[in-house]
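Text of coords08.txt, listed as compact mmCIF, C-alpha atoms:
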```txt
# COMPACT_ATOMS: atom_id res chain seq x y z
CA MET A 152 40.36 21.70 -5.68
CA LEU A 153 41.94 19.22 -3.30
CA LYS A 154 45.16 20.60 -1.78
CA GLU A 155 47.08 17.34 -1.96
CA LEU A 156 46.63 17.07 -5.71
CA LYS A 157 49.26 18.28 -8.14
CA TYR A 158 48.46 19.29 -11.71
CA ILE A 159 49.97 19.07 -15.17
CA ASN A 160 48.40 21.05 -17.99
CA LEU A 161 48.82 19.04 -21.18
CA PRO A 162 48.48 21.08 -24.39
CA GLU A 163 45.75 20.38 -26.90
CA HIS A 164 46.41 17.08 -28.64
CA ASN A 165 44.66 14.68 -31.02
CA LEU A 166 42.64 11.83 -29.56
CA ILE A 167 42.39 8.50 -31.36
CA SER A 168 38.92 9.60 -32.47
CA GLY A 169 40.45 12.59 -34.27
CA GLN A 170 38.98 15.10 -31.82
CA LYS A 171 41.27 17.58 -30.08
CA HIS A 172 41.50 17.82 -26.30
CA ALA A 173 43.51 19.85 -23.80
CA THR A 174 43.91 17.98 -20.52
CA GLN A 175 44.54 18.99 -16.94
CA LEU A 176 46.10 15.85 -15.50
CA SER A 177 45.98 15.59 -11.71
CA TYR A 178 48.14 13.28 -9.62
CA GLN A 179 49.45 12.48 -6.16
CA LEU A 180 52.88 11.42 -4.97
CA PHE A 181 53.60 9.27 -1.92
CA GLY A 182 56.78 8.13 -0.20
CA CYS A 183 60.27 9.13 -1.27
CA ALA A 184 60.83 12.40 -3.11
CA LEU A 185 60.55 12.17 -6.88
CA ASN A 186 63.67 10.81 -8.59
CA THR A 187 65.34 9.79 -5.32
CA ALA A 188 64.04 6.20 -5.38
CA PRO A 189 62.49 3.67 -7.77
CA ILE A 190 59.11 4.91 -8.97
CA VAL A 191 55.93 2.83 -8.95
CA LEU A 192 52.93 4.01 -10.97
CA VAL A 193 49.54 2.87 -9.70
CA ASN A 194 46.60 3.00 -12.14
CA HIS A 195 43.21 3.16 -10.48
CA ALA A 196 40.11 1.15 -11.38
CA LEU A 197 36.72 2.39 -12.65
CA THR A 198 35.48 4.23 -9.55
CA GLY A 199 38.93 4.70 -7.98
CA ASN A 200 41.24 7.70 -7.89
CA SER A 201 44.76 8.81 -7.02
CA ASN A 202 44.19 8.49 -3.26
CA ILE A 203 45.85 5.10 -3.00
CA CYS A 204 47.36 4.97 0.49
CA GLY A 205 47.16 6.56 3.90
CA GLU A 206 44.15 6.49 6.22
CA THR A 207 41.56 6.75 3.45
CA GLY A 208 43.56 5.23 0.58
CA TRP A 209 41.74 2.50 -1.32
CA TRP A 210 44.89 0.32 -1.61
CA ARG A 211 46.25 1.13 1.86
CA SER A 212 46.60 -2.57 2.69
CA LEU A 213 49.16 -2.86 -0.11
CA ILE A 214 50.93 0.52 -0.17
CA GLY A 215 52.47 2.47 2.71
CA PRO A 216 55.35 2.51 5.19
CA ASP A 217 56.73 -1.02 5.70
CA LYS A 218 54.03 -2.49 3.48
CA THR A 219 54.54 -4.55 0.33
CA ILE A 220 54.96 -1.45 -1.83
CA ASP A 221 56.97 0.35 0.83
CA THR A 222 56.73 4.14 0.71
CA LEU A 223 59.96 4.25 2.72
CA ARG A 224 61.75 2.66 -0.25
CA TYR A 225 59.75 3.79 -3.27
CA THR A 226 58.19 6.85 -4.79
CA VAL A 227 54.58 5.99 -5.57
CA LEU A 228 52.79 7.98 -8.27
CA ALA A 229 49.09 7.87 -9.11
CA PHE A 230 47.35 9.85 -11.84
CA ASN A 231 43.63 10.46 -11.96
CA ILE A 232 41.95 9.48 -15.18
CA PRO A 233 40.88 12.93 -16.47
CA GLY A 234 37.17 13.36 -15.95
CA ASN A 235 36.89 11.06 -12.92
CA GLY A 236 35.84 14.02 -10.77
CA HIS A 237 38.38 13.52 -7.99
CA ASP A 238 39.69 17.08 -8.25
CA GLY A 239 36.24 18.49 -7.48
CA ASN A 240 36.46 20.87 -10.44
CA PRO A 241 33.33 20.61 -12.62
CA GLU A 242 35.23 22.23 -15.49
CA ASN A 243 37.35 19.06 -15.78
CA LEU A 244 34.40 16.70 -16.17
CA ILE A 245 34.02 15.26 -19.67
CA GLU A 246 30.63 15.12 -21.36
CA ASN A 247 31.77 13.95 -24.82
CA TYR A 248 32.82 10.58 -23.43
CA LYS A 249 32.42 8.78 -26.76
CA ASP A 250 35.44 10.70 -28.10
CA PHE A 251 37.78 8.81 -25.74
CA VAL A 252 39.26 5.31 -25.66
CA ALA A 253 41.59 3.65 -23.17
CA ARG A 254 44.64 4.33 -25.34
CA ASP A 255 44.03 8.09 -25.05
CA ILE A 256 44.35 7.84 -21.27
CA ALA A 257 47.50 5.74 -21.58
CA GLN A 258 49.04 8.42 -23.78
CA MET A 259 48.06 11.14 -21.30
CA PHE A 260 49.73 9.22 -18.48
CA ILE A 261 52.87 8.82 -20.61
CA SER A 262 52.84 12.57 -21.29
CA GLY A 263 52.56 13.17 -17.55
CA ILE A 264 55.55 10.92 -16.89
CA GLU A 265 57.54 12.81 -19.51
CA PHE A 266 56.54 16.14 -17.93
CA LEU A 267 57.82 14.87 -14.56
CA LYS A 268 61.13 13.94 -16.27
CA ILE A 269 60.86 10.30 -15.27
CA ASN A 270 63.15 8.25 -17.50
CA GLN A 271 61.82 4.84 -16.51
CA LEU A 272 59.37 3.48 -13.96
CA TYR A 273 60.24 0.57 -11.72
CA ALA A 274 56.72 -0.83 -11.99
CA ILE A 275 53.28 -0.09 -13.35
CA ILE A 276 50.56 -1.83 -11.36
CA GLY A 277 46.82 -1.53 -11.80
CA GLY A 278 43.62 -3.44 -11.29
CA SER A 279 40.73 -3.91 -13.72
CA LEU A 280 40.51 -0.80 -15.95
CA GLY A 281 43.81 0.38 -14.44
CA GLY A 282 45.48 -2.84 -15.57
CA GLY A 283 44.13 -2.40 -19.09
CA ILE A 284 45.57 1.11 -19.25
CA ALA A 285 48.88 -0.33 -17.98
CA TRP A 286 48.94 -2.76 -20.93
CA GLU A 287 48.24 0.11 -23.32
CA MET A 288 51.09 2.17 -21.83
CA ALA A 289 53.54 -0.70 -22.18
CA VAL A 290 52.71 -1.16 -25.86
CA LEU A 291 52.88 2.57 -26.60
CA ARG A 292 56.24 2.84 -24.80
CA PRO A 293 57.84 -0.63 -24.58
CA ASN A 294 60.70 0.51 -22.31
CA ILE A 295 58.57 2.58 -19.94
CA THR A 296 58.85 0.22 -16.97
CA GLN A 297 60.90 -2.65 -15.58
CA TYR A 298 57.83 -4.50 -14.28
CA LEU A 299 54.30 -4.59 -15.67
CA ILE A 300 51.73 -5.92 -13.18
CA PRO A 301 48.15 -5.98 -14.51
CA ILE A 302 45.70 -7.40 -11.96
CA ALA A 303 42.22 -8.80 -12.70
CA SER A 304 42.57 -7.32 -16.15
CA ASP A 305 43.44 -7.95 -19.79
CA TRP A 306 45.05 -6.25 -22.78
CA LYS A 307 41.66 -6.16 -24.51
CA SER A 308 37.99 -5.69 -23.78
CA THR A 309 36.45 -9.08 -24.55
CA ASP A 310 32.98 -9.54 -26.01
CA TRP A 311 31.79 -10.22 -22.45
CA ILE A 312 33.22 -6.93 -21.15
CA ILE A 313 31.77 -5.02 -24.11
CA ALA A 314 28.36 -6.60 -23.57
CA ASN A 315 28.26 -5.66 -19.90
CA CYS A 316 29.46 -2.15 -20.67
CA LEU A 317 26.60 -1.76 -23.15
CA ILE A 318 24.10 -2.71 -20.45
CA GLN A 319 25.80 -0.28 -18.06
CA GLU A 320 25.54 2.49 -20.64
CA GLN A 321 21.84 1.81 -21.13
CA PHE A 322 21.29 2.23 -17.39
CA LEU A 323 23.35 5.43 -17.42
CA ILE A 324 21.38 6.88 -20.33
CA ASN A 325 17.85 5.65 -19.68
CA SER A 326 17.36 5.03 -15.96
CA LYS A 327 15.54 7.51 -13.73
CA ASP A 328 18.28 6.85 -11.15
CA PRO A 329 21.26 6.07 -13.43
CA LEU A 330 24.23 5.90 -11.07
CA HIS A 331 22.31 3.93 -8.49
CA ASP A 332 20.91 1.38 -10.93
CA ALA A 333 24.10 0.96 -12.97
CA ARG A 334 26.10 0.31 -9.83
CA MET A 335 23.68 -2.37 -8.63
CA HIS A 336 24.09 -4.20 -11.93
CA ALA A 337 27.87 -3.77 -11.85
CA MET A 338 28.11 -5.42 -8.44
CA LEU A 339 26.78 -8.62 -10.02
CA CYS A 340 29.78 -8.56 -12.37
CA TYR A 341 32.25 -7.90 -9.57
CA ARG A 342 31.14 -10.70 -7.21
CA THR A 343 29.96 -14.32 -7.64
CA PRO A 344 26.88 -16.36 -6.71
CA ALA A 345 29.03 -18.27 -4.21
CA SER A 346 30.20 -15.02 -2.61
CA PHE A 347 26.62 -13.86 -2.14
CA ALA A 348 25.52 -17.24 -0.80
CA ALA A 349 28.36 -17.35 1.73
CA ARG A 350 27.62 -13.86 2.96
CA PHE A 351 23.83 -13.66 2.96
CA GLU A 352 22.39 -17.21 2.99
CA ARG A 353 18.97 -15.85 1.93
CA SER A 354 18.76 -13.89 5.19
CA LYS A 355 16.42 -10.92 5.53
CA THR A 356 16.63 -7.48 7.09
CA GLU A 357 15.38 -7.02 10.65
CA ASP A 358 12.02 -5.73 9.46
CA LEU A 359 11.78 -8.69 7.02
CA GLN A 360 10.95 -6.30 4.19
CA LEU A 361 14.01 -7.13 2.08
CA PHE A 362 16.49 -9.91 1.58
CA ASN A 363 19.89 -8.75 2.84
CA ILE A 364 21.33 -9.14 -0.66
CA GLU A 365 18.72 -6.63 -1.87
CA SER A 366 19.56 -4.24 0.93
CA TRP A 367 23.29 -4.59 0.17
CA LEU A 368 22.83 -3.85 -3.53
CA LEU A 369 20.61 -0.85 -2.81
CA HIS A 370 23.23 0.43 -0.36
CA HIS A 371 26.02 0.17 -2.92
CA GLY A 372 23.91 1.96 -5.50
CA GLU A 373 23.20 4.80 -3.09
CA LYS A 374 26.80 4.97 -1.89
CA LEU A 375 28.20 5.47 -5.39
CA LYS A 376 25.44 7.93 -6.24
CA GLN A 377 26.57 10.12 -3.35
CA ARG A 378 30.25 10.25 -4.31
CA PHE A 379 30.44 9.93 -8.10
CA GLN A 380 29.30 11.99 -11.07
CA LEU A 381 27.20 10.63 -13.93
CA SER A 382 29.56 11.99 -16.59
CA ALA A 383 32.51 10.29 -14.85
CA TYR A 384 30.75 6.93 -14.82
CA LYS A 385 29.85 7.23 -18.51
CA LEU A 386 33.48 7.99 -19.36
CA MET A 387 34.95 5.18 -17.24
CA ASN A 388 32.49 2.71 -18.74
CA GLN A 389 33.50 3.87 -22.23
CA LEU A 390 37.19 3.37 -21.40
CA LEU A 391 36.52 -0.09 -19.98
CA ARG A 392 34.90 -1.23 -23.24
CA THR A 393 37.71 0.17 -25.44
CA ILE A 394 40.83 -1.51 -24.04
CA ASP A 395 42.66 -2.86 -27.09
CA ILE A 396 46.40 -2.82 -27.60
CA THR A 397 46.00 -4.02 -31.19
CA ASN A 398 44.34 -0.73 -32.26
CA ASN A 399 44.46 -1.24 -36.06
CA ASN A 400 44.58 -5.03 -35.92
CA GLU A 401 48.35 -5.33 -35.73
CA ASP A 402 49.80 -8.72 -34.84
CA THR A 403 48.98 -9.29 -31.15
CA ALA A 404 51.96 -11.51 -30.34
CA GLU A 405 54.35 -9.10 -32.04
CA LEU A 406 52.96 -6.13 -30.12
CA LEU A 407 53.03 -7.88 -26.77
CA SER A 408 56.51 -9.30 -27.31
CA SER A 409 57.79 -5.77 -28.00
CA ILE A 410 57.26 -4.93 -24.33
CA GLU A 411 60.62 -4.80 -22.57
CA ALA A 412 59.23 -5.17 -19.05
CA LYS A 413 59.02 -8.31 -16.99
CA ILE A 414 55.29 -9.06 -17.09
CA HIS A 415 53.49 -10.48 -14.06
CA MET A 416 49.80 -11.01 -14.80
CA ILE A 417 47.58 -11.67 -11.77
CA GLY A 418 44.17 -13.24 -12.28
CA ILE A 419 41.42 -14.42 -9.98
CA ASN A 420 40.14 -17.97 -10.31
CA THR A 421 36.47 -16.96 -9.89
CA ASP A 422 36.56 -13.67 -11.82
CA LEU A 423 33.37 -13.48 -13.90
CA PHE A 424 34.34 -10.15 -15.48
CA PHE A 425 37.97 -10.30 -16.65
CA ILE A 426 38.00 -14.07 -16.76
CA PRO A 427 41.33 -15.73 -15.87
CA GLU A 428 41.28 -17.92 -18.97
CA GLN A 429 42.22 -14.85 -21.04
CA ASN A 430 45.39 -14.39 -18.99
CA ARG A 431 46.27 -18.04 -19.45
CA LYS A 432 45.85 -17.65 -23.22
CA THR A 433 48.16 -14.63 -23.18
CA LEU A 434 50.75 -16.63 -21.23
CA LYS A 435 50.55 -19.48 -23.75
CA LEU A 436 50.77 -17.05 -26.67
CA LEU A 437 53.92 -15.39 -25.39
CA GLN A 438 55.84 -18.07 -23.50
CA SER A 439 57.72 -19.19 -26.60
CA LYS A 440 58.64 -15.62 -27.56
CA PHE A 441 59.02 -13.91 -24.21
CA SER A 442 61.23 -15.23 -21.42
CA GLU A 443 59.95 -12.86 -18.73
CA ILE A 444 56.18 -13.38 -18.58
CA TYR A 445 54.45 -14.97 -15.61
CA TYR A 446 50.91 -15.67 -14.50
CA HIS A 447 49.79 -15.80 -10.88
CA GLU A 448 46.30 -16.56 -9.63
CA ILE A 449 44.38 -15.50 -6.54
CA SER A 450 41.99 -18.12 -5.20
CA SER A 451 38.83 -16.54 -3.84
CA VAL A 452 35.08 -16.95 -3.64
CA HIS A 453 34.62 -13.23 -4.25
CA GLY A 454 35.25 -12.95 -7.99
CA HIS A 455 36.57 -9.79 -9.66
CA ASP A 456 36.56 -7.75 -6.44
CA ALA A 457 39.06 -10.15 -4.86
CA PHE A 458 41.90 -7.80 -5.88
CA LEU A 459 40.41 -5.38 -3.33
CA ILE A 460 39.68 -8.06 -0.73
CA GLU A 461 42.30 -10.83 -0.78
CA TYR A 462 45.24 -8.70 0.33
CA GLU A 463 47.16 -11.51 1.98
CA GLN A 464 47.34 -13.45 -1.28
CA LEU A 465 48.03 -10.37 -3.39
CA ASN A 466 50.81 -9.23 -1.07
CA LYS A 467 52.40 -12.67 -1.17
CA ILE A 468 52.39 -12.68 -4.99
CA ILE A 469 53.94 -9.26 -5.52
CA GLU A 470 56.19 -9.00 -2.46
CA PRO A 471 59.20 -10.64 -4.18
CA LEU A 472 59.00 -8.01 -6.94
CA PHE A 473 59.43 -5.15 -4.49
CA GLN A 474 62.32 -6.42 -2.40
CA ILE A 475 64.99 -3.91 -3.46
CA GLN A 476 67.73 -3.65 -0.85
CA ALA A 477 69.39 -0.67 -2.49
CA ALA A 478 66.33 1.57 -2.34
CA PRO A 479 66.40 4.36 0.30
CA ILE A 480 64.71 3.99 3.64
CA LEU A 481 63.32 7.19 5.13
CA ARG A 482 62.54 7.26 8.83
```

Show how you would write the structure in this file as structure tokens.
Amino acid sequence: MLKELKYINLPEHNLISGQKHATQLSYQLFGCALNTAPIVLVNHALTGNSNICGETGWWRSLIGPDKTIDTLRYTVLAFNIPGNGHDGNPENLIENYKDFVARDIAQMFISGIEFLKINQLYAIIGGSLGGGIAWEMAVLRPNITQYLIPIASDWKSTDWIIANCLIQEQFLINSKDPLHDARMHAMLCYRTPASFAARFERSKTEDLQLFNIESWLLHHGEKLKQRFQLSAYKLMNQLLRTIDITNNNEDTAELLSSIEAKIHMIGINTDLFFIPEQNRKTLKLLQSKFSEIYYHEISSVHGHDAFLIEYEQLNKIIEPLFQIQAAPILR
């Protein structure tokens, strides 16, 4: 197991499916010591993990000393979605992925927060799947955080998301090279035709055997295959298709308006996966009932992946939310 990870053993509990599951929840802490500063929870995306900052952190452009989410002023907490394989322990991989939905993970994260004796978070921020889990957490525990910041995400899996997840699952079940092939398809959801055109312009590899777009897709398929487990991908895909705060068809506006946090949704104008129109509909739905809901939009050619590319815009949007003068500064 990775030395930097910490662990919480959650007792056996009922999943939404009715199955029972005992969870070992792994996490990492960055910045100020726990309960000495405002706490920011970061929820990772489908192939992400708790390694969010530092030299190899996937959100290092956003989080770190003197950065927008300043680890000199905040405690930053990141859980791993159980079964994502980041702890390197094969015993924690999950084969019965159909037993789980996104709400189960939200409840596990809440249980982890309770174990750590955290009374309230300053912010929950997450992109894509991580943003969906953030929505679920806020509905399950309306006072859990002061700020809710879902990025390139939604409080539900739309028909479009569910359709793409079905295709992903078919690759993962039926392909001779499942991780590789599923990832190649997924990259078409995460980028845009304009992004590909701007980058590749129908150029070919040096040996002229492949278009560069083909080489790029094959590379991404191989790259994920080398670092990710098949069971983890099946589980993450299942979670992505089951985001739904309404659960038993409760009134959506009533559920959303129960959230006590200030909500800052961030969409991407060219996102072909979690389309920005859904965020605009949520804003319209809640504006008359909820005084503290806002929508911001990143402008990018790159589509869904812009939340991992357009750091200058993302930093500019969220920087005002993290300007706390009273927070400690550790040097």

- Item | Within 8 Å of Gly372 of chain A using only C-alpha atoms, minus same-chain residues under 4 positions, as a ChimeraX atom specification | /A:330-335,368,376

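Of note, atom CA of Leu176 of chain A and atom CA of Gly205 of chain A are spaced 21.5 Å apart.
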
- Rounded to one decimal in Å, what is the spacing between atom CA of Ser451 of chain A and atom CA of Gly283 of chain A?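 Atom CA of Ser451 of chain A sits 21.5 Å away from atom CA of Gly283 of chain A.
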
- Smallest atom-to-atom distance to Gly277 of chain A: which of A:Leu228, A:Leu192, A:Val290, A:Ala345, using all atoms listed in the file?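 Looking at the shortest contact to Gly277 of chain A, the residue is A:Leu192.
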
- Item | Closest of A:Glu155, A:Asp221, A:Glu320, A:Glu242 to Ala173 of chain A - atom-to-atom distances counting all atoms listed in the file | A:Glu242

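Distance-wise, atom CA of Asp395 of chain A and atom CA of Lys307 of chain A end up 4.3 Å apart.
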
- Query: Which of these, A:Glu401, A:Ile245, A:Met416, A:Ala337, has the shortest distance to Ala285 of chain A once you count all atoms listed in the file?
  - Reply: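 Among the listed residues, A:Met416 lies closest to Ala285 of chain A.
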
- Write out as a ChimeraX atom specification the residues lying within 10 Å of Glu461 of chain A, counting only C-alpha atoms and excluding same-chain residues fewer than 3 positions away. /A:212,419,449-453,456-458,464-466

Let's have the selection written as a PDB file, in the frame of the given file, with C-alpha atoms.
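Writing done, so here's part_1.pdb:
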```pdb
ATOM      1  CA  SER A 212      46.600  -2.570   2.690  1.00  0.00           C
ATOM      2  CA  ILE A 419      41.420 -14.420  -9.980  1.00  0.00           C
ATOM      3  CA  ILE A 449      44.380 -15.500  -6.540  1.00  0.00           C
ATOM      4  CA  SER A 450      41.990 -18.120  -5.200  1.00  0.00           C
ATOM      5  CA  SER A 451      38.830 -16.540  -3.840  1.00  0.00           C
ATOM      6  CA  VAL A 452      35.080 -16.950  -3.640  1.00  0.00           C
ATOM      7  CA  HIS A 453      34.620 -13.230  -4.250  1.00  0.00           C
ATOM      8  CA  ASP A 456      36.560  -7.750  -6.440  1.00  0.00           C
ATOM      9  CA  ALA A 457      39.060 -10.150  -4.860  1.00  0.00           C
ATOM     10  CA  PHE A 458      41.900  -7.800  -5.880  1.00  0.00           C
ATOM     11  CA  GLN A 464      47.340 -13.450  -1.280  1.00  0.00           C
ATOM     12  CA  LEU A 465      48.030 -10.370  -3.390  1.00  0.00           C
ATOM     13  CA  ASN A 466      50.810  -9.230  -1.070  1.00  0.00           C
TER      14      ASN A 466
END
```

- Message: For Pro329 of chain A, find every residue with an atom within 12 Å (counting only C-alpha atoms), except residues of its own chain fewer than 5 positions away, and show them as a list in words.
- Response: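 Residues meeting the cut-off are Ile318, Gln319, Glu320, Gln321, Phe322, Leu323, Ile324, Arg334, Met335, His336, Ala337, Gly372, Glu373, Leu375, Lys376, Phe379, Gln380, Leu381, Ser382, Tyr384 and Lys385 of chain A.
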
- Counting only C-alpha atoms, the residue of A:Gly239, A:Gly263, A:Gly454, A:Gly215 that sits nearest Thr343 of chain A: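 Closest residue, counting only C-alpha atoms: A:Gly454.
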
- Task: Compute the distance from (51.4, -9.4, -12.2) to each atom, counting only C-alpha atoms, keep the residues with any atom at most 12 Å away, and return them as an NGL selection string; use the coordinates of the file.
- Result: :A and (274-278 or 282 or 285-286 or 298-305 or 412-419 or 430 or 434 or 443-449 or 458 or 465-473)

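Distance annotation: of A:Asn315, A:Asn231, A:Gln377, A:Ser262, the residue with the minimal separation from Leu156 of chain A is A:Asn231; atom set is all atoms listed in the file.
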
- Query: Once you count all atoms listed in the file, which residues end up no further than 6 Å from (56.7, 2.5, -9.0) in the file's frame, shown as a ChimeraX atom specification?
  - Reply: /A:190-192,227,272-274

- Query: Within 12 Å of segment 435-441 of chain A, counting all atoms listed in the file, which residues qualify if same-chain residues fewer than 6 places away don't, as a PyMOL selection string?
  - Reply: chain A and resi 402-414+428-429
